[in-house]
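Comments concern the structure below.
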Amino acid sequence: MPDKFYLTTPIYYVNARPHIGHAYTTIVADAIARRQRSLGVDTWFLTGTDEHGQKIERSAEAAGCTPQQFADRVSQEFKNLWDRMGLTCDDFIRTTEPRHILAVQNFITLLRDRGFIYKGSYTGQYCVFDELYVEAPPGAPCPDCGRPTETVSEENYFFKLSAFERRLLEFYDEHPDFIRPESRRNEVISFVKGGLRDLSVSRTSFNWGIPIPGDEKHVVYVWLDALANYITALGWSSADDSKYKTFWPADLHLVGKEIIRFHCVYWPAFLMAAGLPLPKSVHAHGWLLFEESKMSKSRGNIVRAETILEGFGALKPDLPKAEQDLFGADALRYFLLREIAFGQDGNFSFDALVQRYNADLANGYGNLVSRTLSMIGRYFDGLVPYPASSGSVVQSHSFAVELPRTISTFAASFDALDFSRALETAWAAVAAVDGYLTANAPWKQPEGVSDEQQQALRADILYTAAEAIRIITALVYPVIPNAAAQVWSQLGLGDIRKADLKNLQWRGLKPGTKLGELSPLFPRADKETITRMSELEQKNAPAPAATPEPETAEPSPAHTSKLKSAIEGLAVAMAESTNETAAVAAFEGAIAETVRETIGGRKDQAPSAPVAALQPTPSGPEDATNLPGTRILPPAPATGTVAAPAGPAAPTLPEGKISIDDFSKVELRVGQIKVAERVPKADKLLRLEVDLGTETRQILAGIAEAYAPESLIGRKVVIVANLAPRKLRGLESNGMIVAASLEGGRPVLAGFLEDVPVGARLK
RNA sequence: GGCGGCGUAGCUCAGAUGGUUAGAGCGUGGGAUUCAUAACCCCAAGGUCGGUAGUUCGAUCCUACCCGCCGCCA
């Protein structure tokens, strides 16, 4: 086993401000890195930000600043958040740094010199949002995200991806663990088997990128740019490439499932072409889903990690802010790693977070530490007692006997990235120790037992419990590092970062050790914690741009696709990275636009996602330097604001804006038209019977001039289901059909690009 | 549409190359206890293992079809 471990997260695209999905990937990486370090492995943990591309260029323009200023700002937000959470990355790479730019140019030159890059031309549809060429007829929406595409004709450099089909398949075959989990591996293999086309790796349609050496009007395709970070950050091809020599190839690339292909097909092919070693494994995790629709009213919003830091931080009001943050970070880390089977999608909700926290951290681990150490304080003056007879302790308690197995099971699960099971194992040990204490009741002195006997018994029992806590703490340190450090020092063992956590031997705890100062670890979280976080989240919900400039309400051809994106956005990509920040931005943008277009009938003024990304960060060094043009936010709630201690101050909404609650009052549902006929003596009116799943409604719609009744039968449409009934031409209309209104009043029905069940609610 | 996956207690999920009473945690109900953060400990209730048909002595596990959900298809 080589004594080094290099792991990476994706570099996050700076088009959206950081949220819990980014935090998830980075937390997982941090936990792995901490475990590796604690095992004595030379570890390098890299994260960073991806800052080039047309989207950034445009967002910056919309925000009235340069792309570099824009990227600086958002990148700093990521850095600040990781600092607040105590994440221990060893390096943070930005793709706009000279070290990266130069190395990417070297990489391109190398690929070209080796004959894998050639010049060609391409005409086709380009999706700006995805920054990808897509297969679609001119004028058609992007098949991926539903946004409009642009017809582009470019002279491009191409990478000979097609040359690697066979070699990639052989590689997957020889390295069964290269892609995990299995289901992703199968997807990738079937993708490659389907045939590989050469890949366009340059752009001339915008400037915000790394120029191709020798042909500077071309900039490097964002994905090639981004993926290369894994070696450029190590100093590959630079004067000092010692890090590269030590750490490459990577042991683990952590990625979200949506970008598996880039990491498992393109990246290995680039490396093969360059003659460089391939990473050892790529592990894709799932997405975080927020509060499934059936659980609650539409709260479905993007959750930011800061909300949790602040919500939980308030449980420890006496601590300095920085320590509150670390405490909250532990709660979040534990939840994400314990609750979600790594690799699968998982549900996140404040309720689940608090419940898990209370059950496992407060009632379980925290309480166990508390009861054990306080008894040692009471009965042994705060000195770890001497167990009665060496060896007998282990023999006599089943959980102690099983601790070595706990250690090995924990290690095996953790190292297989099955964090959930690893923690389950550790917590089974917690429960066993609790049961042991209750069964032996060291606080009791049975009849007929002398004081000395009782004290000897107590010593035995409490030593055993304390020693078990020491071992469990060492195991869970990578997951709840801050709490573990506290327990370590409460046990009188000093700084956990200096401890040897790899040689865990029973009886490693020295009797006579003076306990440190005791303080509650995980105070129980009350219901208010949940409401506090919900409120914080609402307050910080992506604020749409202010300063509305009333513009001619022109029809939005992308309307339906925005609706679609909004729905899909409910499932937010957890760790989207590089330029597939799609889900999040899609959600932020689409829901806002949908709300406005559906309810307000107004066109929005600025893309909301980039604006959201520009929220001021008081904790950061940069001030809110002038983003000329639009004023971005009301001064009120900003990232990093201290948690409101109490008081559900109703968030004030910018003028002309509605809250998510307002929106959720509108019950939009998918309906299917069963009957459609003209209303006699009415030019525009159709009488429709629409199946809403649970019932069939009669709805009158003024669309007769645009749609023939028979063409509507079977069509799925969007219905405002809770509109008050109204009579038209003597017929009752029970609801309303959502349609775009074009010039001249011509309606275009909203629909879906894919099949949706009748009755499904839009929110 | 093509390929692949999933559907097990209220919730989140385990599991069995087919074989007697299908498991865990949380939640719920009851009991016990008071060292501890109204925590901990013990007990209990709760499942036609998506549906139908088939193979088999026997299927929740295999096969077929169906229903529902999901992923990949630049």
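Residues in the structure tokens are numbered from 1 in each chain, the chains being A, B, ... in the order shown, and ligands are numbered from 1 in the order shown.
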Spatial neighbours of range 105-108 of chain A, max dist 10 Å, only C-alpha atoms (C1' of nucleotides), sep filter under 6 positions, as an NGL selection string: :A and (114 or 116-117 or 159 or 201 or 210-214 or 220 or 224-225 or 228 or 231-232 or 236-238 or 270-271 or 274)
All residues 10 Å or closer to range 16-23 of chain B, only C-alpha atoms (C1' of nucleotides), same chain fewer than 5 positions away omitted, as JSON, numbers by chain: {"B": [8, 47, 49, 56, 58, 59, 60, 61, 62]}
Distance-based interface of chain A with chain B, 6 Å, counting only C-alpha atoms (C1' of nucleotides), as a PyMOL selection string: chain A and resi 187+363+367+370-371+435+438+443+523
Based on the selection just made, write all heavy atoms of those residues as a JSON list (two decimals), in the first residue's frame.
```json
[["chain", "number", "residue", "atom", "x", "y", "z"],
["A", 187, "GLU", "N", -23.55, 2.31, -16.52],
["A", 187, "GLU", "CA", -23.98, 3.41, -17.38],
["A", 187, "GLU", "C", -22.85, 3.91, -18.25],
["A", 187, "GLU", "O", -23.01, 4.12, -19.46],
["A", 187, "GLU", "CB", -24.49, 4.58, -16.54],
["A", 187, "GLU", "CG", -25.89, 4.39, -16.05],
["A", 187, "GLU", "CD", -26.32, 5.51, -15.10],
["A", 187, "GLU", "OE1", -25.62, 6.55, -15.04],
["A", 187, "GLU", "OE2", -27.34, 5.34, -14.43],
["A", 363, "ASN", "N", -28.87, 12.27, 22.59],
["A", 363, "ASN", "CA", -29.28, 11.18, 23.48],
["A", 363, "ASN", "C", -28.27, 10.04, 23.50],
["A", 363, "ASN", "O", -28.15, 9.34, 24.49],
["A", 363, "ASN", "CB", -30.63, 10.60, 23.04],
["A", 363, "ASN", "CG", -31.74, 11.62, 23.13],
["A", 363, "ASN", "OD1", -31.55, 12.70, 23.68],
["A", 363, "ASN", "ND2", -32.90, 11.28, 22.60],
["A", 367, "ASN", "N", -24.83, 11.97, 25.54],
["A", 367, "ASN", "CA", -25.31, 11.58, 26.86],
["A", 367, "ASN", "C", -24.43, 10.51, 27.49],
["A", 367, "ASN", "O", -24.17, 10.52, 28.69],
["A", 367, "ASN", "CB", -26.76, 11.10, 26.74],
["A", 367, "ASN", "CG", -27.34, 10.71, 28.08],
["A", 367, "ASN", "OD1", -27.34, 11.49, 29.02],
["A", 367, "ASN", "ND2", -27.81, 9.47, 28.17],
["A", 370, "SER", "N", -21.41, 12.14, 28.78],
["A", 370, "SER", "CA", -21.76, 12.93, 29.94],
["A", 370, "SER", "C", -21.95, 12.07, 31.19],
["A", 370, "SER", "O", -21.39, 12.36, 32.25],
["A", 370, "SER", "CB", -23.01, 13.73, 29.60],
["A", 370, "SER", "OG", -23.52, 14.33, 30.74],
["A", 371, "ARG", "N", -22.74, 11.03, 31.07],
["A", 371, "ARG", "CA", -23.01, 10.24, 32.28],
["A", 371, "ARG", "C", -21.75, 9.53, 32.76],
["A", 371, "ARG", "O", -21.50, 9.43, 33.97],
["A", 371, "ARG", "CB", -24.15, 9.24, 32.03],
["A", 371, "ARG", "CG", -23.81, 8.12, 31.07],
["A", 371, "ARG", "CD", -25.03, 7.35, 30.52],
["A", 371, "ARG", "NE", -25.83, 6.70, 31.54],
["A", 371, "ARG", "CZ", -26.53, 5.57, 31.33],
["A", 371, "ARG", "NH1", -26.50, 4.97, 30.14],
["A", 371, "ARG", "NH2", -27.24, 5.05, 32.28],
["A", 435, "GLY", "N", -26.14, 0.27, 27.58],
["A", 435, "GLY", "CA", -26.81, -0.88, 28.18],
["A", 435, "GLY", "C", -25.97, -1.47, 29.31],
["A", 435, "GLY", "O", -26.49, -1.85, 30.37],
["A", 438, "THR", "N", -26.29, 0.75, 32.39],
["A", 438, "THR", "CA", -27.58, 0.58, 33.05],
["A", 438, "THR", "C", -27.65, -0.77, 33.77],
["A", 438, "THR", "O", -28.14, -0.85, 34.89],
["A", 438, "THR", "CB", -28.71, 0.69, 32.02],
["A", 438, "THR", "OG1", -28.60, 1.95, 31.37],
["A", 438, "THR", "CG2", -30.07, 0.59, 32.69],
["A", 443, "TRP", "N", -23.90, 3.58, 40.05],
["A", 443, "TRP", "CA", -24.36, 4.60, 41.01],
["A", 443, "TRP", "C", -25.07, 3.97, 42.19],
["A", 443, "TRP", "O", -25.39, 4.62, 43.16],
["A", 443, "TRP", "CB", -25.29, 5.59, 40.32],
["A", 443, "TRP", "CG", -26.45, 4.92, 39.61],
["A", 443, "TRP", "CD1", -27.66, 4.61, 40.15],
["A", 443, "TRP", "CD2", -26.47, 4.47, 38.27],
["A", 443, "TRP", "NE1", -28.44, 3.98, 39.23],
["A", 443, "TRP", "CE2", -27.74, 3.89, 38.04],
["A", 443, "TRP", "CE3", -25.54, 4.48, 37.22],
["A", 443, "TRP", "CZ2", -28.11, 3.32, 36.81],
["A", 443, "TRP", "CZ3", -25.92, 3.93, 36.00],
["A", 443, "TRP", "CH2", -27.18, 3.36, 35.81],
["A", 523, "PRO", "N", -26.17, 19.56, 23.20],
["A", 523, "PRO", "CA", -27.43, 19.84, 23.89],
["A", 523, "PRO", "C", -28.60, 19.45, 23.00],
["A", 523, "PRO", "O", -28.51, 19.55, 21.78],
["A", 523, "PRO", "CB", -27.39, 21.35, 24.11],
["A", 523, "PRO", "CG", -26.37, 21.86, 23.17],
["A", 523, "PRO", "CD", -25.40, 20.76, 22.91]]
```
Alpha helix (DSSP H) per DSSP on the backbone: members of range 171-408 of chain A, as a ChimeraX atom specification: /A:171-174,182-193,222-227,229-232,242-247,260-261,267-274,305-313,321-339,350-356,367-380,392-396,398-408
Residue set, range 231-418 of chain A restricted to strand (DSSP E), as number ranges by chain: A: 252-256, 282-285, 288-290, 346-348
Between CA of Thr9 in chain A and CA of Asp83 in chain A, distance in Å (one decimal):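 Atom-to-atom, CA of Thr9 in chain A to CA of Asp83 in chain A, that is 15.8 Å.
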C66 in chain B surroundings by only C-alpha atoms (C1' of nucleotides), 12 Å radius, close-in-sequence under 4 positions cut, as a PyMOL selection string: chain B and resi 50-53
For the selection just defined, write its residues with N, CA, C and O atoms (P, O5', C5', C4', C3', O3' and C1' of nucleotides) to a file, as a short mmCIF file (atom, residue, chain, number, x, y, z; two decimals), in the first residue's frame.
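As written to disk, out_16.cif reads:
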```
data_model
loop_
_atom_site.label_atom_id
_atom_site.label_comp_id
_atom_site.auth_asym_id
_atom_site.auth_seq_id
_atom_site.Cartn_x
_atom_site.Cartn_y
_atom_site.Cartn_z
P G B 50 -42.51 -6.41 -2.69
"O5'" G B 50 -43.77 -5.69 -3.33
"C5'" G B 50 -44.58 -4.82 -2.52
"C4'" G B 50 -45.68 -4.26 -3.38
"C3'" G B 50 -46.47 -5.30 -4.15
"O3'" G B 50 -47.50 -5.87 -3.36
"C1'" G B 50 -45.83 -3.56 -5.61
P G B 51 -47.88 -7.42 -3.58
"O5'" G B 51 -48.74 -7.37 -4.92
"C5'" G B 51 -49.97 -6.67 -4.95
"C4'" G B 51 -50.59 -6.80 -6.32
"C3'" G B 51 -50.72 -8.23 -6.83
"O3'" G B 51 -51.89 -8.86 -6.35
"C1'" G B 51 -49.76 -6.88 -8.50
P U B 52 -51.87 -10.47 -6.13
"O5'" U B 52 -51.96 -11.04 -7.61
"C5'" U B 52 -53.11 -10.78 -8.42
"C4'" U B 52 -52.86 -11.25 -9.82
"C3'" U B 52 -52.42 -12.70 -9.97
"O3'" U B 52 -53.51 -13.60 -9.92
"C1'" U B 52 -51.05 -11.33 -11.31
P A B 53 -53.22 -15.12 -9.42
"O5'" A B 53 -52.34 -15.74 -10.60
"C5'" A B 53 -52.96 -16.17 -11.80
"C4'" A B 53 -51.91 -16.52 -12.82
"C3'" A B 53 -51.03 -17.73 -12.50
"O3'" A B 53 -51.66 -18.95 -12.80
"C1'" A B 53 -49.68 -15.96 -13.28
#
```
